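As stored in data_20.cif (mmCIF, C-alpha atoms):
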```cif
data_structure
#
loop_
_atom_site.label_atom_id
_atom_site.label_comp_id
_atom_site.auth_asym_id
_atom_site.auth_seq_id
_atom_site.Cartn_x
_atom_site.Cartn_y
_atom_site.Cartn_z
CA MET A 1 85.03 -38.11 86.51
CA THR A 2 86.48 -35.41 88.76
CA SER A 3 89.62 -35.60 90.83
CA GLY A 4 87.53 -36.00 93.96
CA SER A 5 86.07 -39.29 92.73
CA ILE A 6 89.23 -40.99 91.57
CA ASP A 7 89.14 -44.73 92.26
CA SER A 8 92.56 -45.89 93.51
CA PRO A 9 94.96 -44.16 91.10
CA ARG A 10 98.33 -45.88 91.00
CA THR A 11 100.31 -42.85 89.87
CA LEU A 12 99.95 -39.12 89.33
CA ALA A 13 99.55 -39.81 85.61
CA ASP A 14 96.55 -42.06 86.37
CA GLU A 15 94.95 -39.26 88.35
CA LEU A 16 95.59 -36.67 85.65
CA ARG A 17 93.92 -38.93 83.09
CA SER A 18 90.75 -38.89 85.18
CA ARG A 19 90.61 -35.11 85.45
CA SER A 20 88.18 -33.00 83.47
CA ASP A 21 89.29 -30.45 80.90
CA ALA A 22 88.45 -27.68 83.36
CA GLU A 23 90.67 -29.24 86.03
CA LEU A 24 93.57 -29.67 83.61
CA SER A 25 93.16 -26.05 82.53
CA GLU A 26 93.31 -24.98 86.17
CA LEU A 27 96.57 -26.93 86.60
CA LEU A 28 98.17 -25.30 83.57
CA ARG A 29 97.09 -21.81 84.66
CA ALA A 30 98.58 -22.38 88.12
CA ARG A 31 101.80 -23.89 86.72
CA PRO A 32 102.37 -22.31 83.28
CA ASP A 33 105.94 -23.67 83.11
CA LEU A 34 104.41 -27.09 82.35
CA LEU A 35 103.45 -25.78 78.89
CA SER A 36 107.00 -25.07 77.75
CA PRO A 37 107.54 -27.05 75.62
CA LEU A 38 104.02 -28.31 74.99
CA PRO A 39 103.65 -31.82 76.51
CA GLY A 40 102.71 -34.56 74.06
CA ASP A 41 100.34 -36.42 76.39
CA LEU A 42 99.24 -36.68 80.03
CA SER A 43 102.05 -39.07 80.93
CA GLN A 44 104.57 -36.48 79.77
CA LEU A 45 102.66 -33.78 81.65
CA ALA A 46 102.81 -35.86 84.84
CA THR A 47 106.55 -36.39 84.40
CA ARG A 48 107.10 -32.68 83.91
CA ALA A 49 104.88 -31.85 86.90
CA GLY A 50 107.21 -33.98 89.03
CA ALA A 51 110.42 -32.33 87.83
CA ARG A 52 112.46 -30.76 90.62
CA THR A 53 112.61 -27.19 89.28
CA SER A 54 108.89 -27.12 88.50
CA VAL A 55 107.93 -28.55 91.89
CA MET A 56 110.13 -26.02 93.70
CA ARG A 57 108.45 -23.21 91.77
CA ALA A 58 104.99 -24.56 92.59
CA LEU A 59 105.82 -24.84 96.30
CA GLU A 60 107.05 -21.23 96.34
CA HIS A 61 103.60 -20.05 95.24
CA LEU A 62 101.68 -21.72 98.08
CA ASP A 63 100.21 -19.73 100.95
CA THR A 64 101.53 -20.42 104.46
CA PHE A 65 98.91 -22.93 105.59
CA THR A 66 98.89 -24.86 102.32
CA LEU A 67 102.68 -25.15 102.58
CA GLN A 68 102.33 -26.28 106.21
CA THR A 69 99.88 -28.93 104.99
CA ALA A 70 102.43 -30.17 102.46
CA GLU A 71 105.14 -30.17 105.16
CA ALA A 72 102.86 -32.22 107.43
CA LEU A 73 102.24 -34.71 104.62
CA ALA A 74 106.01 -35.00 104.12
CA ILE A 75 106.54 -36.18 107.71
CA ALA A 76 103.41 -38.36 107.89
CA GLU A 77 103.29 -42.05 107.08
CA ARG A 78 102.86 -42.76 103.39
CA PRO A 79 100.13 -42.92 102.26
CA CYS A 80 98.45 -40.59 104.75
CA SER A 81 94.74 -40.41 105.48
CA GLN A 82 92.98 -37.09 105.77
CA HIS A 83 92.04 -38.04 109.34
CA ALA A 84 95.71 -38.55 110.29
CA LEU A 85 96.64 -35.30 108.58
CA THR A 86 93.98 -33.41 110.56
CA ALA A 87 95.58 -34.69 113.77
CA LEU A 88 98.93 -33.24 112.65
CA LEU A 89 97.39 -29.80 112.02
CA PRO A 90 95.07 -29.07 114.97
CA GLY A 91 93.26 -25.79 114.54
CA GLY A 92 93.36 -25.99 110.77
CA GLU A 93 90.40 -28.32 110.26
CA GLU A 94 88.27 -25.74 108.46
CA ARG A 95 90.95 -24.77 105.95
CA LEU A 96 92.40 -28.24 105.43
CA PRO A 97 90.02 -29.29 102.60
CA GLU A 98 90.87 -26.07 100.74
CA ALA A 99 94.62 -26.63 101.23
CA LEU A 100 94.37 -30.22 99.98
CA ALA A 101 92.32 -29.09 96.99
CA THR A 102 95.01 -26.54 96.12
CA LEU A 103 97.80 -29.13 96.37
CA ARG A 104 95.79 -31.57 94.26
CA SER A 105 94.83 -28.98 91.63
CA ARG A 106 98.52 -28.11 91.22
CA ALA A 107 99.54 -31.77 90.85
CA LEU A 108 101.57 -31.75 94.06
CA LEU A 109 99.25 -34.29 95.69
CA TRP A 110 97.42 -37.33 94.42
CA GLY A 111 95.49 -40.32 95.75
CA ARG A 112 92.21 -40.94 97.56
CA ALA A 113 91.29 -39.08 100.77
CA ASP A 114 92.39 -42.12 102.80
CA ALA A 115 95.64 -42.56 100.84
CA LEU A 116 97.12 -39.11 100.16
CA ARG A 117 100.60 -38.88 98.62
CA LEU A 118 102.82 -35.94 97.79
CA VAL A 119 104.65 -36.23 94.49
CA ARG A 120 108.07 -37.78 95.09
CA VAL A 121 110.13 -34.62 94.56
CA ALA A 122 107.90 -32.57 96.90
CA GLN A 123 108.32 -35.31 99.50
CA GLU A 124 112.11 -35.13 99.11
CA LEU A 125 112.17 -31.34 99.29
CA LEU A 126 109.98 -31.05 102.38
CA ALA A 127 110.92 -34.13 104.40
CA PRO A 128 113.52 -33.57 107.14
CA SER A 129 117.12 -34.60 106.53
CA ALA A 130 120.44 -33.90 108.22
CA GLY A 131 121.48 -31.52 105.45
CA ARG A 132 118.07 -29.85 104.99
CA PRO A 133 116.02 -29.34 108.18
CA SER A 134 112.26 -29.23 107.83
CA ALA A 135 110.19 -26.18 108.77
CA THR A 136 108.38 -28.53 111.16
CA GLY A 137 111.54 -28.83 113.27
CA LEU A 138 111.25 -32.63 113.16
CA GLY A 139 114.06 -35.07 112.52
CA PRO A 140 114.31 -38.47 110.82
CA THR A 141 112.14 -41.43 111.75
CA LEU A 142 113.48 -44.01 114.15
CA ALA A 143 113.99 -46.45 111.26
CA GLU A 144 116.01 -43.85 109.33
CA ALA A 145 118.10 -42.97 112.38
CA ALA A 146 118.73 -46.65 113.15
CA ALA A 147 119.81 -47.58 109.62
CA GLY A 148 123.06 -49.52 109.79
CA MET A 149 122.82 -50.13 113.54
CA ALA A 150 124.12 -53.51 114.71
CA PRO A 151 121.37 -56.08 115.48
CA SER A 152 122.74 -56.58 118.96
CA ARG A 153 122.38 -52.85 119.61
CA THR A 154 118.71 -52.80 118.60
CA GLN A 155 118.04 -55.73 120.95
CA ALA A 156 119.79 -53.85 123.74
CA LEU A 157 117.45 -50.89 123.17
CA LEU A 158 114.44 -53.21 123.52
CA THR A 159 115.76 -54.60 126.78
CA ALA A 160 116.39 -51.13 128.23
CA CYS A 161 112.82 -50.14 127.35
CA GLY A 162 111.40 -53.27 128.99
CA LEU A 163 110.28 -54.80 125.69
CA PRO A 164 110.67 -58.48 124.74
CA PRO A 165 113.41 -59.38 122.26
CA THR A 166 112.61 -59.90 118.57
CA HIS A 167 114.16 -62.00 115.81
CA ASP A 168 115.49 -59.16 113.61
CA PRO A 169 116.35 -55.44 113.66
CA VAL A 170 113.32 -54.49 111.56
CA SER A 171 110.83 -55.86 114.06
CA ALA A 172 112.89 -54.42 116.92
CA VAL A 173 112.70 -50.93 115.45
CA ALA A 174 108.97 -51.40 114.78
CA ALA A 175 108.40 -52.36 118.43
CA LEU A 176 110.31 -49.30 119.63
CA GLY A 177 108.40 -47.08 117.23
CA ALA A 178 105.07 -48.40 118.52
CA LEU A 179 106.20 -47.62 122.09
CA PHE A 180 107.27 -44.09 121.19
CA ARG A 181 104.02 -43.35 119.34
CA ASP A 182 101.90 -44.36 122.36
CA PRO A 183 101.58 -41.33 124.70
CA GLU A 184 100.77 -43.41 127.79
CA ARG A 185 103.58 -45.91 127.32
CA LEU A 186 106.09 -43.18 126.49
CA ALA A 187 105.03 -41.21 129.58
CA ALA A 188 105.52 -44.33 131.72
CA LEU A 189 109.01 -44.82 130.26
CA LEU A 190 109.96 -41.19 130.86
CA ALA A 191 108.67 -41.29 134.43
CA ASP A 192 111.98 -42.90 135.42
CA ALA A 193 114.13 -40.49 133.35
CA PRO A 194 116.61 -38.20 135.12
CA GLU A 195 115.46 -34.57 135.23
CA ALA A 196 118.37 -33.51 133.01
CA ALA A 197 117.29 -36.09 130.42
CA ARG A 198 113.78 -34.62 130.32
CA SER A 199 115.29 -31.14 129.94
CA ALA A 200 117.35 -32.36 126.98
CA LEU A 201 114.22 -33.75 125.30
CA ASP A 202 112.35 -30.49 125.93
CA ARG A 203 115.09 -28.51 124.16
CA LEU A 204 114.91 -30.73 121.07
CA THR A 205 111.15 -31.34 120.89
CA TRP A 206 110.27 -28.31 118.74
CA GLY A 207 113.54 -28.33 116.84
CA PRO A 208 116.12 -28.25 115.67
CA PRO A 209 116.17 -31.96 116.49
CA TYR A 210 119.97 -32.30 116.49
CA GLY A 211 122.16 -31.76 119.53
CA THR A 212 125.83 -32.11 120.44
CA LEU A 213 127.33 -33.92 123.38
CA GLY A 214 129.73 -31.07 124.14
CA SER A 215 133.24 -31.61 125.46
CA GLY A 216 135.20 -31.56 128.68
CA ALA A 217 133.27 -30.64 131.83
CA GLU A 218 130.07 -30.03 129.85
CA ALA A 219 130.17 -33.55 128.43
CA ALA A 220 130.80 -34.97 131.90
CA ARG A 221 127.73 -33.21 133.32
CA SER A 222 125.41 -34.27 130.51
CA GLY A 223 126.92 -37.71 129.98
CA ALA A 224 124.73 -39.77 132.32
CA PRO A 225 121.35 -38.22 131.37
CA LEU A 226 122.13 -38.44 127.64
CA ARG A 227 123.35 -42.00 128.05
CA TRP A 228 120.01 -42.85 129.66
CA LEU A 229 118.23 -41.50 126.56
CA LEU A 230 120.65 -43.15 124.10
CA ASP A 231 120.32 -46.53 125.83
CA ARG A 232 116.56 -46.47 125.18
CA GLY A 233 116.60 -45.06 121.64
CA LEU A 234 114.96 -41.81 122.76
CA LEU A 235 118.00 -40.13 121.24
CA MET A 236 119.92 -41.70 118.41
CA PRO A 237 123.60 -41.13 117.56
CA THR A 238 124.32 -39.64 114.14
CA GLN A 239 127.84 -38.35 113.62
CA PRO A 240 130.44 -38.61 116.39
CA GLY A 241 129.40 -36.25 119.17
CA THR A 242 125.96 -35.57 117.65
CA VAL A 243 122.55 -36.98 118.53
CA VAL A 244 119.09 -36.63 117.00
CA LEU A 245 115.58 -36.89 118.42
CA PRO A 246 113.58 -39.50 116.43
CA ARG A 247 110.45 -38.14 114.79
CA GLU A 248 108.10 -40.51 116.63
CA VAL A 249 109.33 -39.31 120.02
CA ALA A 250 109.07 -35.62 119.07
CA LEU A 251 105.55 -35.97 117.68
CA THR A 252 104.30 -37.70 120.82
CA LEU A 253 105.92 -35.11 123.08
CA ARG A 254 104.28 -32.39 120.92
CA GLY A 255 100.87 -33.96 121.31
CA GLY A 256 100.88 -35.00 117.65
CA ARG A 257 101.39 -31.49 116.21
CA ALA A 258 103.50 -31.15 113.08
CA HIS A 259 104.04 -27.40 113.67
CA ARG A 260 104.31 -25.43 116.87
CA GLU A 261 101.92 -22.85 115.41
CA PRO A 262 99.68 -23.87 112.49
CA ARG A 263 98.61 -20.72 110.66
CA PRO A 264 95.37 -21.41 108.80
CA GLN A 265 94.50 -17.72 108.55
CA PRO A 266 96.66 -14.88 107.22
CA PRO A 267 97.79 -12.34 109.80
CA PRO A 268 95.59 -9.25 110.07
CA VAL A 269 96.72 -6.22 108.11
CA VAL A 270 96.94 -3.25 110.46
CA ALA A 271 96.89 0.21 108.92
CA VAL A 272 99.88 2.23 110.15
CA ALA A 273 98.44 5.44 108.78
CA GLU A 274 95.57 6.62 106.60
CA HIS A 275 95.88 9.20 103.82
CA ALA A 276 93.28 11.02 101.79
CA ALA A 277 92.79 9.74 98.25
CA GLU A 278 93.71 13.14 96.84
CA LEU A 279 97.09 13.04 98.61
CA VAL A 280 97.76 9.50 97.40
CA ASP A 281 96.92 10.45 93.82
CA ALA A 282 99.14 13.52 93.94
CA THR A 283 102.04 11.54 95.42
CA ALA A 284 101.65 8.81 92.81
CA ALA A 285 101.58 11.39 90.00
CA GLY A 286 104.75 12.95 91.36
CA ALA A 287 106.47 9.56 91.49
CA ALA A 288 105.40 8.82 87.90
CA GLN A 289 106.76 12.17 86.73
CA ARG A 290 110.04 11.53 88.55
CA ALA A 291 110.38 8.14 86.85
CA VAL A 292 109.92 9.71 83.40
CA ASP A 293 112.31 12.57 84.16
CA THR A 294 114.99 10.25 85.59
CA VAL A 295 114.98 7.92 82.60
CA GLU A 296 115.07 10.90 80.24
CA GLU A 297 118.02 12.41 82.12
CA LEU A 298 119.87 9.09 82.05
CA LEU A 299 119.45 8.54 78.31
CA ALA A 300 120.12 12.16 77.41
CA SER A 301 123.54 11.84 79.07
CA TRP A 302 124.34 8.90 76.78
CA GLU A 303 123.04 10.34 73.48
CA HIS A 304 126.45 11.49 72.19
CA GLU A 305 128.77 8.92 73.72
CA GLY A 306 127.51 6.11 75.89
CA PRO A 307 129.65 3.90 78.15
CA PRO A 308 131.41 0.84 76.71
CA VAL A 309 129.97 -2.63 76.99
CA LEU A 310 132.13 -4.98 79.02
CA ARG A 311 133.69 -7.86 77.10
CA SER A 312 131.70 -10.23 79.28
CA GLY A 313 128.57 -8.10 78.83
CA GLY A 314 127.04 -5.45 81.02
CA LEU A 315 128.12 -2.14 82.46
CA GLY A 316 131.39 -1.65 84.35
CA VAL A 317 131.50 -0.73 88.02
CA ARG A 318 133.18 2.62 87.30
CA GLU A 319 130.54 3.54 84.72
CA LEU A 320 127.78 2.59 87.17
CA LYS A 321 129.26 4.97 89.74
CA ARG A 322 129.17 7.75 87.12
CA VAL A 323 125.49 7.06 86.43
CA ALA A 324 124.74 7.28 90.15
CA VAL A 325 126.53 10.62 90.35
CA THR A 326 124.77 11.95 87.25
CA LEU A 327 121.34 11.02 88.60
CA ASP A 328 122.29 11.93 92.19
CA VAL A 329 120.97 8.60 93.51
CA PRO A 330 122.52 5.61 95.33
CA GLU A 331 124.04 2.93 93.10
CA PRO A 332 121.26 0.35 93.70
CA GLU A 333 118.69 2.91 92.54
CA ALA A 334 120.85 3.77 89.52
CA VAL A 335 120.82 0.07 88.61
CA PHE A 336 117.03 0.08 88.82
CA TRP A 337 116.69 2.99 86.35
CA LEU A 338 119.23 1.44 83.97
CA GLU A 339 117.42 -1.90 83.98
CA LEU A 340 114.05 -0.18 83.58
CA ALA A 341 115.20 1.74 80.48
CA TYR A 342 116.70 -1.48 79.11
CA ALA A 343 113.49 -3.46 79.74
CA ALA A 344 111.41 -0.74 78.07
CA GLY A 345 113.50 -1.02 74.90
CA LEU A 346 114.86 2.53 75.24
CA LEU A 347 118.47 1.48 75.80
CA ALA A 348 120.67 -1.15 74.12
CA SER A 349 124.11 -1.83 72.69
CA ASP A 350 124.88 0.01 69.44
CA ASP A 351 126.46 -3.17 67.95
CA GLU A 352 129.43 -1.19 66.63
CA ALA A 353 133.00 -2.48 66.65
CA ASP A 354 133.68 -0.35 69.71
CA GLU A 355 130.49 -1.55 71.38
CA ARG A 356 128.76 1.02 73.55
CA TYR A 357 125.38 1.55 75.17
CA ALA A 358 123.13 4.10 73.49
CA PRO A 359 119.46 5.14 73.32
CA THR A 360 117.47 3.15 70.75
CA PRO A 361 115.31 4.62 67.94
CA ALA A 362 112.31 3.87 70.16
CA TYR A 363 113.66 6.48 72.56
CA ASP A 364 112.86 9.29 70.09
CA ASP A 365 109.24 8.11 69.81
CA TRP A 366 109.05 7.83 73.59
CA LEU A 367 110.29 11.42 74.02
CA ALA A 368 107.60 12.69 71.67
CA ALA A 369 104.77 10.86 73.46
CA PRO A 370 102.61 12.44 76.21
CA THR A 371 103.90 12.01 79.75
CA GLY A 372 101.18 9.51 80.66
CA GLU A 373 102.09 7.23 77.75
CA ARG A 374 105.79 7.52 78.57
CA TRP A 375 105.15 6.46 82.17
CA LEU A 376 102.86 3.65 81.03
CA ARG A 377 105.62 2.18 78.86
CA LEU A 378 108.01 2.17 81.82
CA ALA A 379 105.45 0.69 84.21
CA THR A 380 104.44 -2.02 81.74
CA ALA A 381 108.07 -2.97 81.12
CA TRP A 382 108.70 -3.29 84.86
CA LEU A 383 105.58 -5.33 85.47
CA ALA A 384 106.26 -7.78 82.63
CA GLY A 385 110.02 -7.97 83.09
CA THR A 386 111.92 -10.94 84.52
CA ARG A 387 115.22 -9.19 85.28
CA VAL A 388 115.98 -8.54 88.95
CA PRO A 389 118.16 -5.41 89.44
CA SER A 390 118.90 -6.24 93.09
CA LEU A 391 121.08 -9.16 91.94
CA VAL A 392 123.67 -6.75 90.54
CA GLY A 393 126.84 -6.98 92.61
CA THR A 394 126.20 -10.57 93.70
CA ARG A 395 127.82 -13.64 92.15
CA ASP A 396 126.31 -16.44 90.11
CA GLY A 397 126.76 -20.16 90.73
CA LYS A 398 130.19 -20.07 89.07
CA GLY A 399 131.41 -17.16 91.17
CA ARG A 400 131.13 -14.55 88.41
CA LEU A 401 130.13 -11.01 89.40
CA LEU A 402 126.74 -9.99 88.00
CA ALA A 403 126.82 -6.59 86.27
CA ALA A 404 124.09 -4.10 85.47
CA LEU A 405 122.65 -4.68 81.96
CA GLY A 406 124.56 -7.99 81.88
CA GLY A 407 123.50 -11.61 81.85
CA GLY A 408 122.37 -13.74 84.76
CA LEU A 409 119.76 -11.31 86.09
CA ASP A 410 116.68 -13.06 84.71
CA ARG A 411 114.43 -14.84 87.18
CA GLY A 412 111.32 -16.46 85.74
CA PRO A 413 108.94 -15.88 88.70
CA ALA A 414 109.76 -12.14 88.94
CA ALA A 415 106.82 -10.93 86.82
CA ALA A 416 104.33 -13.16 88.62
CA LEU A 417 105.59 -11.97 92.00
CA ARG A 418 105.21 -8.34 90.96
CA HIS A 419 101.64 -8.97 89.80
CA ARG A 420 100.90 -10.78 93.06
CA ALA A 421 102.39 -8.02 95.21
CA LEU A 422 100.33 -5.37 93.44
CA GLY A 423 97.22 -7.53 93.80
CA LEU A 424 97.76 -7.80 97.56
CA LEU A 425 98.34 -4.07 97.85
#
```
Take the structure in the file and give it back as structure tokens.
Amino acid sequence: MTSGSIDSPRTLADELRSRSDAELSELLRARPDLLSPLPGDLSQLATRAGARTSVMRALEHLDTFTLQTAEALAIAERPCSQHALTALLPGGEERLPEALATLRSRALLWGRADALRLVRVAQELLAPSAGRPSATGLGPTLAEAAAGMAPSRTQALLTACGLPPTHDPVSAVAALGALFRDPERLAALLADAPEAARSALDRLTWGPPYGTLGSGAEAARSGAPLRWLLDRGLLMPTQPGTVVLPREVALTLRGGRAHREPRPQPPPVVAVAEHAAELVDATAAGAAQRAVDTVEELLASWEHEGPPVLRSGGLGVRELKRVAVTLDVPEPEAVFWLELAYAAGLLASDDEADERYAPTPAYDDWLAAPTGERWLRLATAWLAGTRVPSLVGTRDGKGRLLAALGGGLDRGPAAALRHRALGLL
């Protein structure tokens, strides 16, 4: 049975159990981190596929429209039908099946076409919250914004909107939500709104959904229009002096669109200039030769006495400045050549008591090789490497300064991103 014919799976693990070997292989190719360590069974694979770090990495590899599809699912009712999702992404109907297939193949989405669900962590990462706004520009639902509100207050909102009273806050919020989701009823309610109140809604409709009441004369001018909106639940108070536009109101005012501009197609690539193939080849050959010469110059300067290794690991700031002067390049470029030589195995610590950096035995073999092979070793090391030289000079999560050739520079997705960039080029 294929994933498209799953009969009411209860969990992601249920859906994975119904997938074919080919579909599982596709998942593991798209998310290779799920293989480390090797999962014992499909339940363990499903658990790992829902882990926060893995989900974040999978979301980072989505194209723009597929990510917009996931963001729309995160603000839709759960579970969401494909029909309802199509209404949230007008203009993307043709690409929507492909986007859903991608999300499903990468175990970010499960369920039947009429009951689609993001995995829980993806839902949490993409759904709007006060501390983490959504790319959709939408805010919390009315029920979320009204959490903790006094029952008498919810009944007062019903009365102001011309709705009959209910017996509990839950049904009161449901009645308000139904009003706000109905374009005709919402338009009738807003027909009596002060012009300044409509202007306030217009400013919040496409996000960010949070606004402040201001102070002094500004608060006095906006007080009555905002009070009109607050009295009807069209704006909801959050923190003192702050209001938020409920998601139901914003979606109706947007005409049901999750994004201001759905982008189902990639932007066109416009050629800035065109160059003859012979010129490109010659320029590339020159750049390759420069790379080989620069690394050779760097390591030759360290053959007799290399710089000391910091006690915490890495190269000191003063020594980095000397490398930049020796190579006659800016410091960030000097870091790049240092890290490239290190990744290629041509440079390492000598492991002596007075620990210093020095060329490795592999450097002698590299010097003796033809220029093409020397460049190939450097290019291969860069393409397969996970260290990110541009992080040098920044600080890690504990506030420690990251040094060239030191720890903390590894980033797992770096190699995949380099492969992807070259593929696009």
Around all listed atoms of segment 27-38 of chain A, padded 4 Å per side, what centre and edge lengths does the axis-aligned box have in Å to one decimal, as lines of an AutoDock Vina configuration file?
```
center_x = 102.1
center_y = -25.1
center_z = 81.6
size_x = 19.0
size_y = 14.5
size_z = 21.1
```
Long-range neighbours of Glu144 of chain A as a PyMOL selection string, 12 Å cut-off, only C-alpha atoms, 6 positions minimum in chain: chain A and resi 128-130+170+173-174+177+236-238+244-248
Convert the current residue selection to file output with C-alpha atoms, as a PDB file, in the frame of the given file.
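The file below, out-v4.pdb, is the result:
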```pdb
ATOM      1  CA  PRO A 128     113.520 -33.570 107.140  1.00  0.00           C
ATOM      2  CA  SER A 129     117.120 -34.600 106.530  1.00  0.00           C
ATOM      3  CA  ALA A 130     120.440 -33.900 108.220  1.00  0.00           C
ATOM      4  CA  VAL A 170     113.320 -54.490 111.560  1.00  0.00           C
ATOM      5  CA  VAL A 173     112.700 -50.930 115.450  1.00  0.00           C
ATOM      6  CA  ALA A 174     108.970 -51.400 114.780  1.00  0.00           C
ATOM      7  CA  GLY A 177     108.400 -47.080 117.230  1.00  0.00           C
ATOM      8  CA  MET A 236     119.920 -41.700 118.410  1.00  0.00           C
ATOM      9  CA  PRO A 237     123.600 -41.130 117.560  1.00  0.00           C
ATOM     10  CA  THR A 238     124.320 -39.640 114.140  1.00  0.00           C
ATOM     11  CA  VAL A 244     119.090 -36.630 117.000  1.00  0.00           C
ATOM     12  CA  LEU A 245     115.580 -36.890 118.420  1.00  0.00           C
ATOM     13  CA  PRO A 246     113.580 -39.500 116.430  1.00  0.00           C
ATOM     14  CA  ARG A 247     110.450 -38.140 114.790  1.00  0.00           C
ATOM     15  CA  GLU A 248     108.100 -40.510 116.630  1.00  0.00           C
TER      16      GLU A 248
END
```
Target residues per the PyMOL selection byres ((chain A and resi 106) around 8), formatted as a list in words: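 For this structure, the PyMOL selection byres ((chain A and resi 106) around 8) resolves to Glu26, Leu27, Ala30, Arg31, Ala58, Thr102, Leu103, Arg104, Ser105, Ala107, Leu108 and Leu109 of chain A.
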Top pick for closest residue to Glu77 of chain A, considering A:Ser43, A:Gln239, A:Thr141, A:Thr154 and counting all atoms listed in the file: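 Of all the options, A:Thr141 lies closest to Glu77 of chain A.
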Expansion of the PyMOL selection byres ((chain A and resi 304-320) around 6) into residues, as a ChimeraX atom specification: /A:302-303,321-323,355-358,403-406
For atom CA of Gly40 of chain A and atom CA of His61 of chain A, the interatomic separation in Å (one decimal): 25.7 Å
Closest of A:Leu235, A:Pro194, A:Leu96, A:Thr394 to Leu157 of chain A - atom-to-atom distances counting all atoms listed in the file: A:Leu235
Starting from the PyMOL selection byres ((chain A and resi 117) around 12), expand the selection into actual residues of this file and give them as a PDB file with C-alpha atoms, in the frame of the given file.
```
ATOM      1  CA  SER A   8      92.560 -45.890  93.510  1.00  0.00           C
ATOM      2  CA  PRO A   9      94.960 -44.160  91.100  1.00  0.00           C
ATOM      3  CA  ARG A  10      98.330 -45.880  91.000  1.00  0.00           C
ATOM      4  CA  THR A  11     100.310 -42.850  89.870  1.00  0.00           C
ATOM      5  CA  LEU A  12      99.950 -39.120  89.330  1.00  0.00           C
ATOM      6  CA  GLU A  15      94.950 -39.260  88.350  1.00  0.00           C
ATOM      7  CA  THR A  69      99.880 -28.930 104.990  1.00  0.00           C
ATOM      8  CA  ALA A  70     102.430 -30.170 102.460  1.00  0.00           C
ATOM      9  CA  GLU A  71     105.140 -30.170 105.160  1.00  0.00           C
ATOM     10  CA  ALA A  72     102.860 -32.220 107.430  1.00  0.00           C
ATOM     11  CA  LEU A  73     102.240 -34.710 104.620  1.00  0.00           C
ATOM     12  CA  ALA A  74     106.010 -35.000 104.120  1.00  0.00           C
ATOM     13  CA  ILE A  75     106.540 -36.180 107.710  1.00  0.00           C
ATOM     14  CA  ALA A  76     103.410 -38.360 107.890  1.00  0.00           C
ATOM     15  CA  GLU A  77     103.290 -42.050 107.080  1.00  0.00           C
ATOM     16  CA  ARG A  78     102.860 -42.760 103.390  1.00  0.00           C
ATOM     17  CA  PRO A  79     100.130 -42.920 102.260  1.00  0.00           C
ATOM     18  CA  CYS A  80      98.450 -40.590 104.750  1.00  0.00           C
ATOM     19  CA  SER A  81      94.740 -40.410 105.480  1.00  0.00           C
ATOM     20  CA  GLN A  82      92.980 -37.090 105.770  1.00  0.00           C
ATOM     21  CA  LEU A  85      96.640 -35.300 108.580  1.00  0.00           C
ATOM     22  CA  LEU A 100      94.370 -30.220  99.980  1.00  0.00           C
ATOM     23  CA  LEU A 103      97.800 -29.130  96.370  1.00  0.00           C
ATOM     24  CA  ARG A 104      95.790 -31.570  94.260  1.00  0.00           C
ATOM     25  CA  ALA A 107      99.540 -31.770  90.850  1.00  0.00           C
ATOM     26  CA  LEU A 108     101.570 -31.750  94.060  1.00  0.00           C
ATOM     27  CA  LEU A 109      99.250 -34.290  95.690  1.00  0.00           C
ATOM     28  CA  TRP A 110      97.420 -37.330  94.420  1.00  0.00           C
ATOM     29  CA  GLY A 111      95.490 -40.320  95.750  1.00  0.00           C
ATOM     30  CA  ARG A 112      92.210 -40.940  97.560  1.00  0.00           C
ATOM     31  CA  ALA A 113      91.290 -39.080 100.770  1.00  0.00           C
ATOM     32  CA  ASP A 114      92.390 -42.120 102.800  1.00  0.00           C
ATOM     33  CA  ALA A 115      95.640 -42.560 100.840  1.00  0.00           C
ATOM     34  CA  LEU A 116      97.120 -39.110 100.160  1.00  0.00           C
ATOM     35  CA  LEU A 118     102.820 -35.940  97.790  1.00  0.00           C
ATOM     36  CA  VAL A 119     104.650 -36.230  94.490  1.00  0.00           C
ATOM     37  CA  ARG A 120     108.070 -37.780  95.090  1.00  0.00           C
ATOM     38  CA  VAL A 121     110.130 -34.620  94.560  1.00  0.00           C
ATOM     39  CA  ALA A 122     107.900 -32.570  96.900  1.00  0.00           C
ATOM     40  CA  GLN A 123     108.320 -35.310  99.500  1.00  0.00           C
TER      41      GLN A 123
END
```
Point-to-point distance from atom CA of Gly407 of chain A to atom CA of Leu338 of chain A, Å rounded to tenths: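 Going from atom CA of Gly407 of chain A over to atom CA of Leu338 of chain A, I get 13.9 Å.
For the pair atom CA of Arg57 of chain A and atom CA of Val392 of chain A, the interatomic distance is 22.5 Å.
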Residue neighbourhood Ser54 of chain A, 10 Å, only C-alpha atoms, exclusion window fewer than 5 positions, as an MDAnalysis selection string: chainID A and resid 31:34 48:49 59:60 121
From A:Leu327, A:Arg254, A:Gln265, A:Gly50, residue lying nearest Asp63 of chain A [all atoms listed in the file]: A:Gln265
Selected residue of minimal separation from Leu125 of chain A among A:Leu176, A:Val55, A:Val270, A:Ala193, counting only C-alpha atoms: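 Closest to Leu125 of chain A of all the choices is A:Val55.
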Among listed residues A:Ala197, A:Leu138, A:Met149, A:Leu28, nearest Arg257 of chain A (using only C-alpha atoms):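 Between A:Ala197, A:Leu138, A:Met149, A:Leu28, the residue approaching Arg257 of chain A most closely is A:Leu138.
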